[in-house]
Amino acid sequence: MTDGDRRRGLDGPAPDERPTPTGRRNEQGIRIDPAVEATHEPRRTVISTLVEHEPGVLSDVSGLFSRRQFNIESLTVGPTTDEDRARITLVVEEPDPGIDQIKKQLRKLVPVISVRELESDAMRRELALVKIDADEPAQVSAVADMYDGKTVDSCPETATIEITGSRQKIDAAIETFEQFGIREIDRTGTTALARGIQSTAAPASTTESTATEASQPQNQYAPADDD
């Protein structure tokens, strides 16, 4: 190496031409990637999970959400056409990184066969029972008819209406029933299936059947007055 090489230094751009890293540094002096630090708006989505139908599965899934502090809106569990499997339908509201993390963590659970986030046009339904004051039975019946509701119980003081449909439809019905005075509400939480010939939660193995399965909610985890 000549004296000229030593004075010239290493090959590369001059100091004022070198790219400057972006992003702030944390307390330890480590630079934080702006993309990682960016704020992500939460969104509501439905995740369908096919699991082995065995004791403890629901506890494993709900425990995962509790440990990770994910924001779960509702959870329903029901049988499928295969008696050895069950379908868990989750409604969550999280930013995109949180939703991705939920799916990754669910796939790590041993009883889980497959996990799928459903498209926005998937068929989503919920059932609600609304017990209201029946001081005005004719008006109550008219409102129930507006939302295709069915009276499942009545007495001189109260009427209990069953409503089935989308979350938005049930929210609207409950808001309308408030004029009569609502005594109690119970909601099952959302159950959902993919449209057309798509399998809602296709098994990981391609040798498994992809026939459409009927899902009926049996157990649910949802706040009584919340979706």
# chains A, B, ... in the order shown; residues from 1 in each chain; ligands from 1

call {"tool": "select_by_dssp", "arguments": {"residues": "region 62-150 of chain A", "states": "alpha helix (DSSP H)", "output": "JSON, numbers by chain"}}
result
{"A": [62, 63, 64, 65, 66, 67, 68, 96, 97, 98, 99, 100, 101, 102, 103, 104, 105, 106, 107, 108, 137, 138, 139, 140, 141, 142, 143, 144, 145, 146]}

call {"tool": "residues_around", "arguments": {"residues": "region 97-113 of chain A", "least_positions_apart": "5", "cutoff": "8 Å", "atoms": "only C-alpha atoms", "output": "PyMOL selection string"}}
result
chain A and resi 40+47+49-52+57+60-61+64+70+92+203-204

call {"tool": "write_last_selection", "arguments": {"atoms": "all heavy atoms", "output": "compact mmCIF listing (two decimals), in the first residue's frame"}}
result
# COMPACT_ATOMS: atom_id res chain seq x y z
N HIS A 40 -50.70 1.97 13.19
CA HIS A 40 -51.62 1.22 12.35
C HIS A 40 -53.01 1.31 12.95
O HIS A 40 -53.21 1.01 14.12
CB HIS A 40 -51.20 -0.25 12.24
CG HIS A 40 -49.84 -0.44 11.61
ND1 HIS A 40 -49.68 -0.60 10.26
CD2 HIS A 40 -48.60 -0.50 12.16
CE1 HIS A 40 -48.38 -0.75 9.99
NE2 HIS A 40 -47.71 -0.69 11.12
N ILE A 47 -61.80 -14.35 11.86
CA ILE A 47 -60.82 -15.41 11.67
C ILE A 47 -61.51 -16.74 11.97
O ILE A 47 -62.03 -16.95 13.06
CB ILE A 47 -59.60 -15.21 12.58
CG1 ILE A 47 -58.89 -13.91 12.23
CG2 ILE A 47 -58.64 -16.40 12.45
CD1 ILE A 47 -57.74 -13.56 13.15
N THR A 49 -61.18 -20.75 12.45
CA THR A 49 -60.15 -21.71 12.86
C THR A 49 -60.76 -23.10 12.97
O THR A 49 -61.75 -23.30 13.68
CB THR A 49 -59.55 -21.30 14.22
OG1 THR A 49 -59.09 -19.96 14.14
CG2 THR A 49 -58.39 -22.21 14.59
N LEU A 50 -60.19 -24.04 12.26
CA LEU A 50 -60.62 -25.44 12.34
C LEU A 50 -59.73 -26.16 13.34
O LEU A 50 -58.50 -26.09 13.25
CB LEU A 50 -60.50 -26.11 10.96
CG LEU A 50 -61.26 -27.41 10.75
CD1 LEU A 50 -62.77 -27.18 10.86
CD2 LEU A 50 -60.92 -28.00 9.38
N VAL A 51 -60.34 -26.82 14.33
CA VAL A 51 -59.57 -27.44 15.42
C VAL A 51 -60.03 -28.87 15.66
O VAL A 51 -61.10 -29.28 15.23
CB VAL A 51 -59.74 -26.63 16.74
CG1 VAL A 51 -59.26 -25.21 16.57
CG2 VAL A 51 -61.20 -26.66 17.21
N GLU A 52 -59.18 -29.61 16.35
CA GLU A 52 -59.57 -30.94 16.80
C GLU A 52 -60.65 -30.79 17.87
O GLU A 52 -60.54 -29.97 18.77
CB GLU A 52 -58.36 -31.68 17.39
CG GLU A 52 -57.23 -31.93 16.40
CD GLU A 52 -57.56 -33.00 15.37
OE1 GLU A 52 -58.60 -33.69 15.55
OE2 GLU A 52 -56.79 -33.14 14.41
N VAL A 57 -59.60 -27.36 24.08
CA VAL A 57 -59.25 -26.54 22.92
C VAL A 57 -59.69 -25.09 23.13
O VAL A 57 -58.93 -24.15 22.90
CB VAL A 57 -59.86 -27.11 21.63
CG1 VAL A 57 -59.59 -26.17 20.45
CG2 VAL A 57 -59.30 -28.48 21.34
N ASP A 60 -57.45 -23.33 25.47
CA ASP A 60 -56.17 -22.98 24.86
C ASP A 60 -56.28 -21.70 24.04
O ASP A 60 -55.42 -20.81 24.11
CB ASP A 60 -55.67 -24.12 23.97
CG ASP A 60 -55.24 -25.34 24.76
OD1 ASP A 60 -55.04 -25.21 25.98
OD2 ASP A 60 -55.13 -26.43 24.17
N VAL A 61 -57.35 -21.60 23.25
CA VAL A 61 -57.51 -20.44 22.37
C VAL A 61 -57.80 -19.18 23.18
O VAL A 61 -57.18 -18.13 22.98
CB VAL A 61 -58.64 -20.70 21.35
CG1 VAL A 61 -58.93 -19.44 20.55
CG2 VAL A 61 -58.25 -21.84 20.41
N LEU A 64 -54.75 -17.96 24.96
CA LEU A 64 -53.82 -17.26 24.07
C LEU A 64 -54.18 -15.78 24.00
O LEU A 64 -53.31 -14.91 24.09
CB LEU A 64 -53.86 -17.89 22.69
CG LEU A 64 -53.18 -17.11 21.56
CD1 LEU A 64 -51.69 -17.02 21.80
CD2 LEU A 64 -53.47 -17.77 20.21
N PHE A 70 -54.84 -9.58 23.25
CA PHE A 70 -55.47 -9.21 21.99
C PHE A 70 -56.91 -8.76 22.27
O PHE A 70 -57.54 -9.23 23.21
CB PHE A 70 -55.49 -10.40 21.02
CG PHE A 70 -54.13 -10.80 20.52
CD1 PHE A 70 -53.69 -12.11 20.63
CD2 PHE A 70 -53.30 -9.87 19.92
CE1 PHE A 70 -52.43 -12.48 20.17
CE2 PHE A 70 -52.04 -10.24 19.45
CZ PHE A 70 -51.61 -11.55 19.58
N VAL A 92 -62.13 -10.12 15.81
CA VAL A 92 -61.12 -9.35 16.52
C VAL A 92 -61.03 -7.96 15.92
O VAL A 92 -61.37 -7.74 14.75
CB VAL A 92 -59.73 -10.04 16.45
CG1 VAL A 92 -59.77 -11.39 17.11
CG2 VAL A 92 -59.26 -10.18 15.00
N PRO A 203 -58.21 -27.54 5.46
CA PRO A 203 -57.13 -28.23 6.17
C PRO A 203 -55.80 -28.00 5.49
O PRO A 203 -55.72 -27.77 4.28
CB PRO A 203 -57.55 -29.69 6.09
CG PRO A 203 -59.02 -29.67 5.85
CD PRO A 203 -59.26 -28.44 5.02
N ALA A 204 -54.73 -28.03 6.28
CA ALA A 204 -53.39 -27.81 5.73
C ALA A 204 -53.02 -28.88 4.72
O ALA A 204 -52.34 -28.63 3.74
CB ALA A 204 -52.37 -27.77 6.87

call {"tool": "closest_residue", "arguments": {"among": "A:Arg85, A:Arg44, A:Arg67, A:His53", "to": "Thr190 (chain A)", "atoms": "only C-alpha atoms"}}
result
A:Arg44

call {"tool": "closest_residue", "arguments": {"among": "A:Thr200, A:Asn71, A:Gln168, A:Gln28", "to": "Arg125 (chain A)", "atoms": "only C-alpha atoms"}}
result
A:Gln168

call {"tool": "select_by_dssp", "arguments": {"residues": "region 41-72 of chain A", "states": "strand (DSSP E)", "output": "JSON, numbers by chain"}}
result
{"A": [43, 44, 45, 46, 47, 48, 49, 50, 51, 52, 72]}

call {"tool": "closest_residue", "arguments": {"among": "A:Glu126, A:Asp135, A:Asp153, A:Asp16", "to": "Thr188 (chain A)", "atoms": "only C-alpha atoms"}}
result
A:Glu126

call {"tool": "closest_residue", "arguments": {"among": "A:Ser66, A:Thr160, A:Ser199, A:Ser114", "to": "Ala128 (chain A)", "atoms": "only C-alpha atoms"}}
result
A:Thr160

call {"tool": "residues_around", "arguments": {"residues": "region 191-198 of chain A", "least_positions_apart": "3", "cutoff": "7 Å", "atoms": "only C-alpha atoms", "output": "CSV table (one decimal) with N, CA and C atoms, in the first residue's frame"}}
result
chain,number,residue,atom,x,y,z
A,76,THR,N,-67.2,-17.8,18.9
A,76,THR,CA,-68.2,-18.8,18.9
A,76,THR,C,-67.6,-20.2,18.5
A,89,THR,N,-65.0,-19.5,15.5
A,89,THR,CA,-65.0,-18.2,14.7
A,89,THR,C,-64.8,-17.1,15.6
A,118,LEU,N,-61.2,-14.5,7.0
A,118,LEU,CA,-62.3,-14.5,5.9
A,118,LEU,C,-62.3,-13.1,5.2
A,122,ALA,N,-67.6,-12.4,3.2
A,122,ALA,CA,-68.1,-13.7,3.8
A,122,ALA,C,-69.4,-13.5,4.5
A,123,MET,N,-70.2,-14.6,4.5
A,123,MET,CA,-71.5,-14.6,5.1
A,123,MET,C,-71.3,-14.6,6.7
A,124,ARG,N,-71.8,-13.6,7.3
A,124,ARG,CA,-71.6,-13.4,8.7
A,124,ARG,C,-73.0,-13.2,9.4
A,125,ARG,N,-73.3,-14.0,10.4
A,125,ARG,CA,-74.6,-14.0,11.0
A,125,ARG,C,-74.4,-14.0,12.5
A,126,GLU,N,-75.4,-13.5,13.2
A,126,GLU,CA,-75.4,-13.5,14.7
A,126,GLU,C,-76.8,-13.6,15.1
A,217,PRO,N,-73.2,-22.3,15.8
A,217,PRO,CA,-72.6,-21.9,17.1
A,217,PRO,C,-73.3,-22.6,18.2

call {"tool": "closest_residue", "arguments": {"among": "A:Arg116, A:Arg187, A:Arg68, A:Lys131", "to": "Ser166 (chain A)", "atoms": "only C-alpha atoms"}}
result
A:Arg187

call {"tool": "residues_around", "arguments": {"residues": "region 174-177 of chain A", "least_positions_apart": "6", "cutoff": "9 Å", "atoms": "only C-alpha atoms", "output": "VMD selection string"}}
result
chain A and resid 130 132 140 143 to 144 185

call {"tool": "closest_residue", "arguments": {"among": "A:Glu184, A:Gln139, A:Thr151, A:Met146", "to": "Lys169 (chain A)", "atoms": "only C-alpha atoms"}}
result
A:Met146
